[in-house]
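Structure file data35.cif; described as mmCIF, C-alpha atoms and all ligand atoms; chains and numbers go by the auth columns.
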data_final
#
loop_
_atom_site.group_PDB
_atom_site.id
_atom_site.type_symbol
_atom_site.label_atom_id
_atom_site.label_comp_id
_atom_site.label_asym_id
_atom_site.label_seq_id
_atom_site.Cartn_x
_atom_site.Cartn_y
_atom_site.Cartn_z
_atom_site.B_iso_or_equiv
_atom_site.auth_seq_id
_atom_site.auth_asym_id
ATOM 1 C CA MET A 1 81.043 110.219 108.024 0.00 1 E
ATOM 2 C CA THR A 2 82.584 106.782 107.772 0.00 2 E
ATOM 3 C CA ILE A 3 86.025 106.682 106.229 0.00 3 E
ATOM 4 C CA ARG A 4 86.310 103.757 103.852 0.00 4 E
ATOM 5 C CA PRO A 5 89.139 101.426 104.792 0.00 5 E
ATOM 6 C CA LEU A 6 91.724 100.228 102.294 0.00 6 E
ATOM 7 C CA VAL A 7 92.294 96.537 101.727 0.00 7 E
ATOM 8 C CA LEU A 8 95.728 95.651 100.450 0.00 8 E
ATOM 9 C CA CYS A 9 96.253 92.168 99.062 0.00 9 E
ATOM 10 C CA GLY A 10 98.869 90.354 97.012 0.00 10 E
ATOM 11 C CA PRO A 11 101.132 87.320 97.169 0.00 11 E
ATOM 12 C CA SER A 12 103.767 87.043 99.852 0.00 12 E
ATOM 13 C CA GLY A 13 106.831 88.851 98.564 0.00 13 E
ATOM 14 C CA ALA A 14 104.886 91.086 96.142 0.00 14 E
ATOM 15 C CA GLY A 15 106.015 94.137 98.106 0.00 15 E
ATOM 16 C CA LYS A 16 103.019 95.098 100.248 0.00 16 E
ATOM 17 C CA SER A 17 105.110 95.862 103.334 0.00 17 E
ATOM 18 C CA THR A 18 107.686 97.748 101.270 0.00 18 E
ATOM 19 C CA LEU A 19 105.028 100.017 99.748 0.00 19 E
ATOM 20 C CA LEU A 20 103.123 100.462 102.986 0.00 20 E
ATOM 21 C CA LYS A 21 106.291 101.458 104.769 0.00 21 E
ATOM 22 C CA LYS A 22 106.910 104.218 102.225 0.00 22 E
ATOM 23 C CA LEU A 23 103.318 105.403 102.471 0.00 23 E
ATOM 24 C CA LEU A 24 103.411 105.522 106.243 0.00 24 E
ATOM 25 C CA GLU A 25 106.750 107.319 106.230 0.00 25 E
ATOM 26 C CA GLU A 26 105.321 110.029 103.997 0.00 26 E
ATOM 27 C CA TYR A 27 101.697 110.204 105.127 0.00 27 E
ATOM 28 C CA GLY A 28 101.812 108.397 108.440 0.00 28 E
ATOM 29 C CA PRO A 29 99.341 110.548 110.395 0.00 29 E
ATOM 30 C CA HIS A 30 96.586 110.001 107.809 0.00 30 E
ATOM 31 C CA PHE A 31 96.699 106.237 107.934 0.00 31 E
ATOM 32 C CA GLY A 32 96.448 103.556 110.514 0.00 32 E
ATOM 33 C CA PHE A 33 97.534 100.042 110.052 0.00 33 E
ATOM 34 C CA SER A 34 95.012 97.555 111.311 0.00 34 E
ATOM 35 C CA VAL A 35 97.235 95.281 113.344 0.00 35 E
ATOM 36 C CA SER A 36 96.523 91.662 112.465 0.00 36 E
ATOM 37 C CA HIS A 37 96.720 88.692 114.762 0.00 37 E
ATOM 38 C CA THR A 38 98.899 85.758 113.751 0.00 38 E
ATOM 39 C CA THR A 39 100.016 82.448 115.175 0.00 39 E
ATOM 40 C CA ARG A 40 103.288 82.529 113.204 0.00 40 E
ATOM 41 C CA SER A 41 106.464 83.315 115.086 0.00 41 E
ATOM 42 C CA SER A 42 107.795 86.842 114.944 0.00 42 E
ATOM 43 C CA ARG A 43 110.648 87.768 112.610 0.00 43 E
ATOM 44 C CA PRO A 44 113.585 89.793 113.893 0.00 44 E
ATOM 45 C CA GLY A 45 112.527 93.396 114.434 0.00 45 E
ATOM 46 C CA GLU A 46 108.803 92.656 114.522 0.00 46 E
ATOM 47 C CA GLU A 47 107.001 94.009 117.587 0.00 47 E
ATOM 48 C CA HIS A 48 103.925 92.594 119.276 0.00 48 E
ATOM 49 C CA GLY A 49 101.061 95.091 118.928 0.00 49 E
ATOM 50 C CA LYS A 50 102.807 97.010 116.183 0.00 50 E
ATOM 51 C CA HIS A 51 103.468 94.628 113.316 0.00 51 E
ATOM 52 C CA TYR A 52 101.194 91.852 114.555 0.00 52 E
ATOM 53 C CA TYR A 53 99.610 90.556 117.702 0.00 53 E
ATOM 54 C CA PHE A 54 101.501 87.297 118.097 0.00 54 E
ATOM 55 C CA VAL A 55 99.191 84.801 119.752 0.00 55 E
ATOM 56 C CA SER A 56 98.905 81.067 120.276 0.00 56 E
ATOM 57 C CA LYS A 57 96.602 78.925 118.130 0.00 57 E
ATOM 58 C CA GLU A 58 94.385 78.299 121.157 0.00 58 E
ATOM 59 C CA GLU A 59 93.978 82.017 121.965 0.00 59 E
ATOM 60 C CA MET A 60 93.275 82.854 118.350 0.00 60 E
ATOM 61 C CA GLN A 61 90.707 80.084 117.935 0.00 61 E
ATOM 62 C CA THR A 62 88.873 81.212 121.084 0.00 62 E
ATOM 63 C CA SER A 63 88.662 84.798 119.813 0.00 63 E
ATOM 64 C CA VAL A 64 87.474 83.605 116.391 0.00 64 E
ATOM 65 C CA ASP A 65 84.817 81.420 118.056 0.00 65 E
ATOM 66 C CA ASN A 66 83.702 84.464 120.085 0.00 66 E
ATOM 67 C CA GLY A 67 83.072 86.383 116.860 0.00 67 E
ATOM 68 C CA GLU A 68 85.830 88.913 117.473 0.00 68 E
ATOM 69 C CA PHE A 69 87.243 88.732 113.932 0.00 69 E
ATOM 70 C CA ILE A 70 86.167 90.375 110.657 0.00 70 E
ATOM 71 C CA GLU A 71 88.232 87.875 108.733 0.00 71 E
ATOM 72 C CA HIS A 72 90.653 85.121 109.469 0.00 72 E
ATOM 73 C CA ALA A 73 92.515 82.583 107.419 0.00 73 E
ATOM 74 C CA VAL A 74 95.060 79.833 107.598 0.00 74 E
ATOM 75 C CA TYR A 75 98.012 80.743 105.470 0.00 75 E
ATOM 76 C CA SER A 76 101.128 78.624 105.024 0.00 76 E
ATOM 77 C CA GLY A 77 100.143 76.656 108.125 0.00 77 E
ATOM 78 C CA ASN A 78 99.580 79.677 110.376 0.00 78 E
ATOM 79 C CA MET A 79 96.419 81.538 111.351 0.00 79 E
ATOM 80 C CA TYR A 80 96.077 85.226 110.491 0.00 80 E
ATOM 81 C CA GLY A 81 93.147 87.526 111.175 0.00 81 E
ATOM 82 C CA THR A 82 91.812 91.035 111.538 0.00 82 E
ATOM 83 C CA SER A 83 89.881 91.702 114.717 0.00 83 E
ATOM 84 C CA LYS A 84 86.942 94.111 114.768 0.00 84 E
ATOM 85 C CA LYS A 85 88.747 95.988 117.517 0.00 85 E
ATOM 86 C CA ALA A 86 91.888 96.474 115.392 0.00 86 E
ATOM 87 C CA VAL A 87 89.807 98.222 112.701 0.00 87 E
ATOM 88 C CA ASP A 88 87.711 100.209 115.209 0.00 88 E
ATOM 89 C CA ASP A 89 90.850 101.471 116.941 0.00 89 E
ATOM 90 C CA VAL A 90 92.016 103.041 113.673 0.00 90 E
ATOM 91 C CA LEU A 91 88.602 104.354 112.570 0.00 91 E
ATOM 92 C CA ASN A 92 88.033 105.947 115.968 0.00 92 E
ATOM 93 C CA SER A 93 91.276 107.847 115.586 0.00 93 E
ATOM 94 C CA GLY A 94 89.922 109.448 112.375 0.00 94 E
ATOM 95 C CA ARG A 95 92.492 107.807 110.140 0.00 95 E
ATOM 96 C CA ILE A 96 92.125 105.653 107.040 0.00 96 E
ATOM 97 C CA CYS A 97 92.360 102.047 108.111 0.00 97 E
ATOM 98 C CA ILE A 98 94.637 99.831 106.069 0.00 98 E
ATOM 99 C CA LEU A 99 94.051 96.099 106.088 0.00 99 E
ATOM 100 C CA ASP A 100 96.915 94.000 104.759 0.00 100 E
ATOM 101 C CA ILE A 101 95.171 90.674 104.216 0.00 101 E
ATOM 102 C CA ASP A 102 95.314 87.606 102.009 0.00 102 E
ATOM 103 C CA MET A 103 92.898 86.367 99.367 0.00 103 E
ATOM 104 C CA GLN A 104 90.793 84.333 101.775 0.00 104 E
ATOM 105 C CA GLY A 105 90.549 87.412 103.985 0.00 105 E
ATOM 106 C CA VAL A 106 89.456 89.561 101.063 0.00 106 E
ATOM 107 C CA MET A 107 86.665 87.130 100.272 0.00 107 E
ATOM 108 C CA GLN A 108 85.452 87.309 103.872 0.00 108 E
ATOM 109 C CA VAL A 109 85.657 91.111 103.988 0.00 109 E
ATOM 110 C CA LYS A 110 83.510 91.143 100.858 0.00 110 E
ATOM 111 C CA ASN A 111 80.864 89.369 102.919 0.00 111 E
ATOM 112 C CA SER A 112 81.225 91.760 105.870 0.00 112 E
ATOM 113 C CA VAL A 113 79.812 95.211 106.602 0.00 113 E
ATOM 114 C CA LEU A 114 83.099 96.935 105.735 0.00 114 E
ATOM 115 C CA GLN A 115 82.952 98.825 102.460 0.00 115 E
ATOM 116 C CA PRO A 116 86.654 99.214 101.692 0.00 116 E
ATOM 117 C CA TYR A 117 88.603 99.982 98.565 0.00 117 E
ATOM 118 C CA TYR A 118 90.356 96.876 97.273 0.00 118 E
ATOM 119 C CA LEU A 119 93.933 97.108 96.045 0.00 119 E
ATOM 120 C CA PHE A 120 96.027 94.219 94.693 0.00 120 E
ATOM 121 C CA ILE A 121 99.850 94.322 94.567 0.00 121 E
ATOM 122 C CA LYS A 122 101.325 92.057 91.916 0.00 122 E
ATOM 123 C CA PRO A 123 104.917 90.973 91.279 0.00 123 E
ATOM 124 C CA PRO A 124 106.108 91.322 87.667 0.00 124 E
ATOM 125 C CA SER A 125 106.281 87.496 87.459 0.00 125 E
ATOM 126 C CA LEU A 126 106.379 84.378 89.620 0.00 126 E
ATOM 127 C CA GLU A 127 110.127 84.147 88.936 0.00 127 E
ATOM 128 C CA ASP A 128 110.644 87.649 90.329 0.00 128 E
ATOM 129 C CA LEU A 129 108.557 86.733 93.327 0.00 129 E
ATOM 130 C CA GLU A 130 110.738 83.711 94.043 0.00 130 E
ATOM 131 C CA THR A 131 113.936 85.751 93.656 0.00 131 E
ATOM 132 C CA ARG A 132 112.641 88.404 96.063 0.00 132 E
ATOM 133 C CA LEU A 133 111.480 85.927 98.658 0.00 133 E
ATOM 134 C CA ARG A 134 114.850 84.146 98.519 0.00 134 E
ATOM 135 C CA ALA A 135 116.694 87.450 98.808 0.00 135 E
ATOM 136 C CA ARG A 136 114.522 88.483 101.787 0.00 136 E
ATOM 137 C CA GLY A 137 115.966 85.466 103.569 0.00 137 E
ATOM 138 C CA THR A 138 112.925 84.881 105.760 0.00 138 E
ATOM 139 C CA GLU A 139 111.759 81.581 104.290 0.00 139 E
ATOM 140 C CA THR A 140 112.790 77.958 104.514 0.00 140 E
ATOM 141 C CA GLU A 141 112.664 75.886 101.305 0.00 141 E
ATOM 142 C CA GLU A 142 109.373 74.460 102.550 0.00 142 E
ATOM 143 C CA SER A 143 107.701 77.773 103.372 0.00 143 E
ATOM 144 C CA LEU A 144 109.001 79.206 100.105 0.00 144 E
ATOM 145 C CA THR A 145 107.405 76.392 98.118 0.00 145 E
ATOM 146 C CA LYS A 146 104.102 76.888 99.972 0.00 146 E
ATOM 147 C CA ARG A 147 104.164 80.643 99.354 0.00 147 E
ATOM 148 C CA LEU A 148 104.827 80.183 95.664 0.00 148 E
ATOM 149 C CA GLU A 149 102.048 77.608 95.303 0.00 149 E
ATOM 150 C CA THR A 150 99.639 79.946 97.069 0.00 150 E
ATOM 151 C CA ALA A 151 100.866 82.841 94.940 0.00 151 E
ATOM 152 C CA LYS A 152 99.698 81.095 91.761 0.00 152 E
ATOM 153 C CA LYS A 153 96.115 80.981 93.080 0.00 153 E
ATOM 154 C CA GLU A 154 96.336 84.533 94.377 0.00 154 E
ATOM 155 C CA LEU A 155 97.504 85.832 91.022 0.00 155 E
ATOM 156 C CA GLU A 156 94.466 84.204 89.395 0.00 156 E
ATOM 157 C CA TYR A 157 92.259 86.035 91.899 0.00 157 E
ATOM 158 C CA GLY A 158 94.107 89.338 91.457 0.00 158 E
ATOM 159 C CA VAL A 159 92.103 90.498 88.482 0.00 159 E
ATOM 160 C CA GLU A 160 90.088 93.606 87.778 0.00 160 E
ATOM 161 C CA GLU A 161 86.681 92.219 88.638 0.00 161 E
ATOM 162 C CA ASN A 162 87.853 91.525 92.197 0.00 162 E
ATOM 163 C CA PHE A 163 89.807 94.741 92.855 0.00 163 E
ATOM 164 C CA ASP A 164 89.402 98.489 92.423 0.00 164 E
ATOM 165 C CA LYS A 165 93.060 98.792 91.485 0.00 165 E
ATOM 166 C CA ILE A 166 95.912 96.469 90.529 0.00 166 E
ATOM 167 C CA ILE A 167 99.498 97.677 90.820 0.00 167 E
ATOM 168 C CA VAL A 168 102.429 95.744 89.361 0.00 168 E
ATOM 169 C CA ASN A 169 105.419 96.223 91.641 0.00 169 E
ATOM 170 C CA ASP A 170 108.227 96.211 89.107 0.00 170 E
ATOM 171 C CA SER A 171 110.124 99.316 90.110 0.00 171 E
ATOM 172 C CA VAL A 172 109.322 100.266 93.701 0.00 172 E
ATOM 173 C CA ASP A 173 109.288 103.971 92.859 0.00 173 E
ATOM 174 C CA GLU A 174 106.819 103.558 90.011 0.00 174 E
ATOM 175 C CA ALA A 175 104.613 101.256 92.037 0.00 175 E
ATOM 176 C CA TYR A 176 104.686 103.760 94.890 0.00 176 E
ATOM 177 C CA SER A 177 103.665 106.605 92.560 0.00 177 E
ATOM 178 C CA GLU A 178 100.735 104.555 91.331 0.00 178 E
ATOM 179 C CA LEU A 179 99.812 103.751 94.894 0.00 179 E
ATOM 180 C CA LYS A 180 99.771 107.430 95.815 0.00 180 E
ATOM 181 C CA GLU A 181 97.713 108.293 92.739 0.00 181 E
ATOM 182 C CA PHE A 182 95.115 105.800 93.853 0.00 182 E
ATOM 183 C CA ILE A 183 95.161 106.556 97.553 0.00 183 E
ATOM 184 C CA LEU A 184 95.686 110.279 97.914 0.00 184 E
ATOM 185 C CA PRO A 185 92.216 111.221 96.594 0.00 185 E
ATOM 186 C CA MET A 186 90.896 109.262 99.569 0.00 186 E
ATOM 187 C CA LEU A 187 92.453 111.866 101.858 0.00 187 E
ATOM 188 C CA ASP A 188 90.307 114.584 100.259 0.00 188 E
ATOM 189 C CA SER A 189 87.148 112.649 100.989 0.00 189 E
ATOM 190 C CA LYS A 190 88.062 112.183 104.648 0.00 190 E
HETATM 191 N N1 LIG B . 110.021 96.432 93.294 0.00 201 S
HETATM 192 C C1 LIG B . 110.863 95.637 93.944 0.00 201 S
HETATM 193 N N2 LIG B . 111.994 95.212 93.363 0.00 201 S
HETATM 194 C C2 LIG B . 112.853 94.400 93.994 0.00 201 S
HETATM 195 N N3 LIG B . 112.671 93.934 95.256 0.00 201 S
HETATM 196 C C3 LIG B . 111.552 94.315 95.899 0.00 201 S
HETATM 197 C C4 LIG B . 110.584 95.175 95.295 0.00 201 S
HETATM 198 N N4 LIG B . 109.583 95.375 96.173 0.00 201 S
HETATM 199 C C5 LIG B . 109.904 94.682 97.279 0.00 201 S
HETATM 200 N N5 LIG B . 111.076 94.056 97.139 0.00 201 S
HETATM 201 C C6 LIG B . 111.755 93.157 98.091 0.00 201 S
HETATM 202 O O1 LIG B . 111.061 91.923 98.016 0.00 201 S
HETATM 203 C C7 LIG B . 110.928 91.333 99.323 0.00 201 S
HETATM 204 C C8 LIG B . 109.452 91.107 99.597 0.00 201 S
HETATM 205 O O2 LIG B . 108.808 92.362 99.798 0.00 201 S
HETATM 206 P P1 LIG B . 107.820 92.586 101.038 0.00 201 S
HETATM 207 O O3 LIG B . 108.410 91.993 102.275 0.00 201 S
HETATM 208 O O4 LIG B . 107.466 94.025 101.047 0.00 201 S
HETATM 209 O O5 LIG B . 106.598 91.696 100.528 0.00 201 S
HETATM 210 P P2 LIG B . 105.176 91.439 101.190 0.00 201 S
HETATM 211 O O6 LIG B . 104.201 91.459 100.089 0.00 201 S
HETATM 212 O O7 LIG B . 104.959 92.407 102.299 0.00 201 S
HETATM 213 O O8 LIG B . 105.363 89.977 101.752 0.00 201 S
HETATM 214 P P3 LIG B . 104.615 89.240 103.006 0.00 201 S
HETATM 215 O O9 LIG B . 103.170 89.122 102.612 0.00 201 S
HETATM 216 O O10 LIG B . 105.314 87.905 103.084 0.00 201 S
HETATM 217 O O11 LIG B . 104.834 90.087 104.238 0.00 201 S
HETATM 218 C C9 LIG B . 111.581 92.267 100.309 0.00 201 S
HETATM 219 O O12 LIG B . 112.872 91.796 100.604 0.00 201 S
HETATM 220 C C10 LIG B . 111.626 93.608 99.553 0.00 201 S
HETATM 221 O O13 LIG B . 112.736 94.388 99.944 0.00 201 S
#

Spell out the structure here as C-alpha cells.
Ligand SMILES: Nc1ncnc2c1ncn2[C@@H]1O[C@H](COP(=O)(O)OP(=O)(O)OP(=O)(O)O)[C@@H](O)[C@H]1O
Amino acid sequence: MTIRPLVLCGPSGAGKSTLLKKLLEEYGPHFGFSVSHTTRSSRPGEEHGKHYYFVSKEEMQTSVDNGEFIEHAVYSGNMYGTSKKAVDDVLNSGRICILDIDMQGVMQVKNSVLQPYYLFIKPPSLEDLETRLRARGTETEESLTKRLETAKKELEYGVEENFDKIIVNDSVDEAYSELKEFILPMLDSK
C-alpha cells in the first residue's frame, strides 16, 4: 500500500519548521522529512543531507534538466527543490514522507503522480510574520522585504480550495494540537 505523503506549505516565518520539529520529536519514527535541495547558503546549525542538500546553482540545474526533481522553484533568489530520490528514500523506509515546499512547489506537485495531503500553515497576520522573521534574526532587510512580498501572494493561495487543512499558527501549542488532530489519523491508515 502506498502511504500518502504530506505536503506542508506556508509563508517563510509562518512556523513550519517549529511545528515539524515538535512533530518529529514526538512521533519521529513515523515520519521522514524529504530533504530538499537548495542553492541558498546554510544557516548556523544546518547540516548538509539533514536539513537540506546544499548545492551550487550549476549542480541543481543539471539535476533538474535530467528530470531528477518532482518540483523545484526559485524563491527569494535561490533555487529549492524536492528530488524523486528524497521522497523514495522516505517511502521505502515505510514512513510518512513530509514535503516542506513553497507555493510554486505545491502547484507542481499537484501536476505530479504524488497524491499527498496538503496542509497550509498561516501566520495570524502579516505584521506577526514580520515580527517573527525579524526576531529569528536570519534575514537581511532585503531578504525580509522579499519574503514579506512573497508571503502576500502565498496567503492568497492558502485557501480551502487549494488545501486539505489550514492551520493558523497563533499559539504554537494550539497550532501543534491542530496539526496532530489532522495528521495522527494518517498513522492508522499506514
Ligand atoms: N506561534 C508562534 N508564536 C511566536 N513565534 C513563533 C511561533 N511559531 C514560530 N515562531 C517563531 O517564528 C520564527 C519563524 O518560524 P519558523 O522558522 O518555524 O518558520 P518557517 O515557516 O519554517 O520559515 P522558513 O520557511 O523561512 O524556514 C522562528 O523564530 C520561530 O521560533

For this session: Up to 10 Å from (94.1, 100.7, 106.5) in the file's coordinates: name the residues, counting only C-alpha atoms, as a ChimeraX atom specification.
Result: /E:4-8,20,30-35,87,90-91,95-100,116-117

Exercise. When the PyMOL selection byres (((chain E and resi 129-135) around 10) and not hetatm) is applied to the file above, which residues end up in the set, as a count of residues only?
Worked result: 23

Problem set entry | Minimum-distance residue to Asp164 (chain E), chosen among E:Leu23, E:Leu187, E:Met103, E:Leu119 (using all atoms listed in the file) |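 The closest residue to Asp164 (chain E) is E:Leu119.
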
All file atoms of ligand LIG 201 (chain S) boxed axis-aligned, 4 Å per side, centre plus edges, as JSON:
{"center_x": 108.0, "center_y": 92.2, "center_z": 98.8, "size_x": 17.7, "size_y": 16.5, "size_z": 18.9}

Problem set entry | Picked residues, the PyMOL selection byres (((chain E and resi 105) around 10) and not hetatm), expected as a PyMOL selection string | chain E and resi 7+9+70-74+80-82+99-104+106-111
